[in-house]
Every structure is written in structure tokens, then in C-alpha cells.
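Here is the structure we will look at.
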Amino acid sequence: MKHKTEKPNIKAALTLATAALLGTSNIAQADTTSNPNTEESTWEFDSAFLFYSEVDRVSAAEAIFNATKTFADDEILNLKLTIDALTGASANGAVAQPNVQTFTRPSGKGQYTIAPGNTPLDDTFKDTRVQLNGQWTQPIAPNYTASGGVHISKEYDYLSLGINGNLAFDFDRKNSTFSAGFSFFQDTFTPEGGIPKPFSSMLIGDSSAPSWGDDFAETRIGSEDTKTTTDILLGFTQVINRRMITQFNYSYSMVDGYLTDPFKVISVVDGSSGFTQDYIYESRPDSRVKQSIYAQSLYHFDSTVLDVSYRYMWDDWEITSHTIDSRFRIPLGDTFGTESYLQPHFRFYQQSAAVFYQPFLIDGAALPSYVSADYRIGEMSTITVGLKYGLLVNNGHHLSFRLEYYRQTPTDAGFDAPGELKDVELYSTIDAIIAQVSYSF
């Protein structure tokens, strides 16, 4: 590959020094523009294979291939292909019980049973996703850079189409950058079995009965639905000195349309015994507004690099979250005749529950306007710890291996468990392993 020989600005120098180890860093997206008449580079490629596996739950395998072409006038074409394959068991939202539970599959064809004391999981969960992204970036005036892109993602029951744009302005001798971006997505759901009617009871019984098809149809309101997502991002990047660079972002996201999970139910339990009397389909609001602030800093010591970031998010579902993420690159010098490094990683995440989150409903009580027992919008905390090892191979190509441990701990959001629910696990901890191999050339 050919590389630009002109001396980059300070921000570009620091970015280039850390981009290889901080590929997920937002600051790694910082401007590296030098001379508009520089020599055109060849294609540069990044590839990765990631495996994610939860204990007794979902497993995912993901392959990523990214290609970047830089043209002579600092125009950049980026193409990315992502393929995901998911399989395993997914929580359906119902609570554990001291007795065997039976559920109908989302398609309405067949049923599955859950052993006493176990969290109800639908073990037929599987899907494959293919995603394509294209991005074009180019200078449009002195100190101004524009970027635009398209997105398409297809799963078995889900189609997502999107566009995005960004404008960046450099000033203070290119040590400061202000950027403004937007994106718009149109998503279409076509879940197997159709869209459940909110608060309707899950039909359980003999699926071969003559009336089953008509009875099941009574619990549906259609075969597909849509949602739109509009995102706005304002960012500011600042070089502090030759060792340190910082970034600050504010984002605003507005989602409208079908936001309910068609595969989730909620248990209706007896207020005294805690035994389940019914399973009803969840219902969520048809809009959501999310906002977040984000700060990140990279500091280049004599040989090591520290990357620390913090994000605070809040929305009109009354969910708030805090995310602290850190990476630290430690050069190892020449190992096996080549340059290498270690990069420890630590991430902590904590969120509050949505205002309409409830792990169960009490039989006979008035139904709320919205309700969901999905642990993903409940109160929780997560930690991720891991280690990455990277080295240079084949005349400067970059090879890395990453292994991480993830733990998600849902917590009691303040609901009193009646009767038998006191003796079962309502908030199950999730443990997972993440392994990734990446190669850039």
C-alpha cells in the first residue's frame, strides 16, 4: 500500500498514532486531511470475525469486511459488509414458576414447555442479518468536509433502509473541529405469525384443532408494521496538545411507529399465590425521544495510550443510563520479530427502568396504558472486561485477537413479589463471552 508522505497536522498525528488500537473510538474518526494534491492511495481493507455467546441463551457469529479508498483530492469511499447469524434461546418476558409452563411459539405453530423454576426461554430463536453501508467523504471548501452515506439491512422478518449526512468545519489551524450530522431510517417489521394485539392473551392449546387458525388470528392486528428513526449529532473535537485530544458530542434521536416487541409477553399472576393465570402480549408507546451527551479523551504517554469515555443518556420513557469505557494500550516491543501490544478493556454500564416496565401484572388489577416485562428496558448494570493482543505481520498488516467477559445483572425495580414468586429467580444474571479476530491490510 502507498501512504501519504506529507506531514499531517497535530490532530491527525495523534489520531494516526492511536487509530490502530482504538478502532471503535469516535476520535479515531477525526480529520486526517493533509495536502489536497497528495498521491492517491490504494485500497485499504479491514476484516473481523466476532463470536458472542451467552450461557444457555443467544449465540451470535458476525463477519465484517470494510474497504476504504482514498483518492488524490482527499475524497474517501468507504464500503462495509456485515453478516450476522444468531441462534439460541431468548427470554419471552414471562416469569419463572414452581410448575411447568407451556407457551405457543410466535408463529402459532407448535408449543414449548419450561421446567419448574426456570426463566421462560424460546429456544427456536434464530436469524441471519446482512447489512451494507456505503459512505462518501470529500472536502467541499477550505476547512469544510462533507460526508454522506446509505444503509441497508435485511433480516428474515426485518428490513432497514437509511441515509446519513455530516458536515465538519476545521478551525484554529485544524486543531479544532465542529461537526453536525443527521441520519434517517425507515424500518419494516414482518414478524412470523403477524403483529400481536396488545394485551390479548396468548392462545394455548391444540394447534391442530379446526378452529385454531381463526382463534389465533383474533390475537393479531396485521402482518407488518413500520417505524422511523431520525438522529441528529453535534460534535466538537479539540487538540489540547501534542499528546492529548478530546471530543464532546450531543445526540438527539426521535423514533416513531411500532416500538413493541412482537415476541414478548407478560405474566398475569394471582395476587396471593403468585401463580400465573394468563400470558398477555406487551404494549409500548409508539414514540420515543432519546438524548445523550458524550465525552472522550485520548492521551498519548511516551509509549502507552489511554482512551477514556463517558456517556449519559435519558429519554421520555424515563430510562437513564451511564456508560464508562476505557482502553489502555501497552506496547510490548518486538515479539517474535515484530512489533506488538496489549490492550486491556473495561466498560461499565448502568440504567434505570422504563416507566412502564413491570416484571408481571396482578390478576384483576386495572391494565396500564403500556407495559413490558422485557429485561432490556428494566433496571440493570453490566460490566465488560477483556484483553486485546495485536501485532504487525506481513510488511505492516495488522492482526489482533480480542477476548472479553460480559455480565449483565438485572435488579429489582421495586416490585413486591407475591406468593411463589418470592422463591423463584425473577431477575436472571446473563454471562457471555466475546471473542474477535481482526485483520487489516
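We name chains A, B, ... following the order of the C-alpha cells; residues begin at 1 in each chain, and ligands are numbered from 1 as shown.
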
Backbone-only DSSP, helix (DSSP H, G or I) members of range 92-324 of chain A, as a count of residues only: 6

Expected answer as a PyMOL selection string: strand (DSSP E or B) residues in range 6-241 of chain A: chain A and resi 44-54+59-70+76-91+101-104+111-114+121-141+144-155+158-171+176-189+195-196+201+220-222+225-239

Distance query range 211-225 of chain A at most 6 Å, only C-alpha atoms, self and fewer than 2 positions along chain excluded, as number ranges by chain: A: 188-190, 194-197, 200, 207, 209

Output file for the selection above: N, CA and C atoms, as an mmCIF file, in the first residue's frame:
```cif
data_model
loop_
_atom_site.group_PDB
_atom_site.id
_atom_site.type_symbol
_atom_site.label_atom_id
_atom_site.label_comp_id
_atom_site.auth_asym_id
_atom_site.auth_seq_id
_atom_site.Cartn_x
_atom_site.Cartn_y
_atom_site.Cartn_z
ATOM 1 N N THR A 188 -39.089 -1.794 8.537
ATOM 2 C CA THR A 188 -40.330 -2.539 8.339
ATOM 3 C C THR A 188 -40.233 -3.882 9.043
ATOM 4 N N PHE A 189 -41.224 -4.194 9.892
ATOM 5 C CA PHE A 189 -41.295 -5.464 10.612
ATOM 6 C C PHE A 189 -42.313 -6.376 9.923
ATOM 7 N N THR A 190 -41.952 -7.612 9.711
ATOM 8 C CA THR A 190 -42.902 -8.625 9.239
ATOM 9 C C THR A 190 -42.700 -9.888 10.076
ATOM 10 N N GLY A 194 -47.320 -12.671 12.529
ATOM 11 C CA GLY A 194 -48.010 -11.399 12.495
ATOM 12 C C GLY A 194 -47.761 -10.537 13.719
ATOM 13 N N ILE A 195 -48.431 -9.374 13.748
ATOM 14 C CA ILE A 195 -48.302 -8.415 14.846
ATOM 15 C C ILE A 195 -49.340 -8.740 15.916
ATOM 16 N N PRO A 196 -48.913 -9.075 17.149
ATOM 17 C CA PRO A 196 -49.888 -9.406 18.195
ATOM 18 C C PRO A 196 -50.733 -8.200 18.599
ATOM 19 N N LYS A 197 -51.953 -8.454 18.980
ATOM 20 C CA LYS A 197 -52.831 -7.416 19.513
ATOM 21 C C LYS A 197 -52.393 -7.112 20.945
ATOM 22 N N SER A 200 -53.763 -8.791 24.370
ATOM 23 C CA SER A 200 -54.523 -10.007 24.095
ATOM 24 C C SER A 200 -53.811 -11.200 24.725
ATOM 25 N N SER A 207 -52.928 -26.908 18.651
ATOM 26 C CA SER A 207 -52.782 -26.134 17.421
ATOM 27 C C SER A 207 -53.300 -26.867 16.192
ATOM 28 N N ALA A 209 -56.346 -28.190 16.201
ATOM 29 C CA ALA A 209 -57.803 -28.082 16.255
ATOM 30 C C ALA A 209 -58.312 -27.264 15.065
#
```

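Within the 6 Å cut-off around Gln186 in chain A, using only C-alpha atoms and omitting residues fewer than 4 positions from it on the same chain, the listed residues are Ser160, Leu161 and Thr228 of chain A.
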
Using only C-alpha atoms, find each residue of range 293-396 of chain A with at least one atom at most 10 Å away from an atom of range 409-423 of chain A; report its shortest atom-to-atom pair and that distance in Å (one decimal), sort the rows by chain and rising residue number, and return the result as JSON lines.
```
{"residue": "A:Gln350", "atom": "CA", "partner": "A:Thr409", "partner_atom": "CA", "distance": 9.5}
{"residue": "A:Gln351", "atom": "CA", "partner": "A:Pro410", "partner_atom": "CA", "distance": 9.5}
{"residue": "A:Ser352", "atom": "CA", "partner": "A:Ala413", "partner_atom": "CA", "distance": 8.2}
{"residue": "A:Ala353", "atom": "CA", "partner": "A:Ala413", "partner_atom": "CA", "distance": 6.9}
{"residue": "A:Ala354", "atom": "CA", "partner": "A:Ala413", "partner_atom": "CA", "distance": 9.8}
{"residue": "A:Tyr357", "atom": "CA", "partner": "A:Ala413", "partner_atom": "CA", "distance": 8.8}
{"residue": "A:Gln358", "atom": "CA", "partner": "A:Phe415", "partner_atom": "CA", "distance": 7.7}
{"residue": "A:Pro359", "atom": "CA", "partner": "A:Phe415", "partner_atom": "CA", "distance": 7.9}
{"residue": "A:Phe360", "atom": "CA", "partner": "A:Phe415", "partner_atom": "CA", "distance": 8.9}
{"residue": "A:Ile362", "atom": "CA", "partner": "A:Pro418", "partner_atom": "CA", "distance": 9.1}
{"residue": "A:Tyr375", "atom": "CA", "partner": "A:Pro410", "partner_atom": "CA", "distance": 6.9}
{"residue": "A:Arg376", "atom": "CA", "partner": "A:Pro410", "partner_atom": "CA", "distance": 8.5}
{"residue": "A:Ile377", "atom": "CA", "partner": "A:Pro410", "partner_atom": "CA", "distance": 9.7}
{"residue": "A:Gly378", "atom": "CA", "partner": "A:Pro410", "partner_atom": "CA", "distance": 7.0}
{"residue": "A:Glu379", "atom": "CA", "partner": "A:Thr411", "partner_atom": "CA", "distance": 5.6}
{"residue": "A:Met380", "atom": "CA", "partner": "A:Pro410", "partner_atom": "CA", "distance": 4.0}
{"residue": "A:Ser381", "atom": "CA", "partner": "A:Thr409", "partner_atom": "CA", "distance": 5.4}
{"residue": "A:Thr382", "atom": "CA", "partner": "A:Thr409", "partner_atom": "CA", "distance": 6.0}
{"residue": "A:Ile383", "atom": "CA", "partner": "A:Thr409", "partner_atom": "CA", "distance": 8.8}
```

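With only C-alpha atoms as the atoms that count, the minimum distance from Ser372 in chain A to the choices A:Gly93, A:Gly396, A:Pro142, A:Pro344 is reached by A:Gly93.
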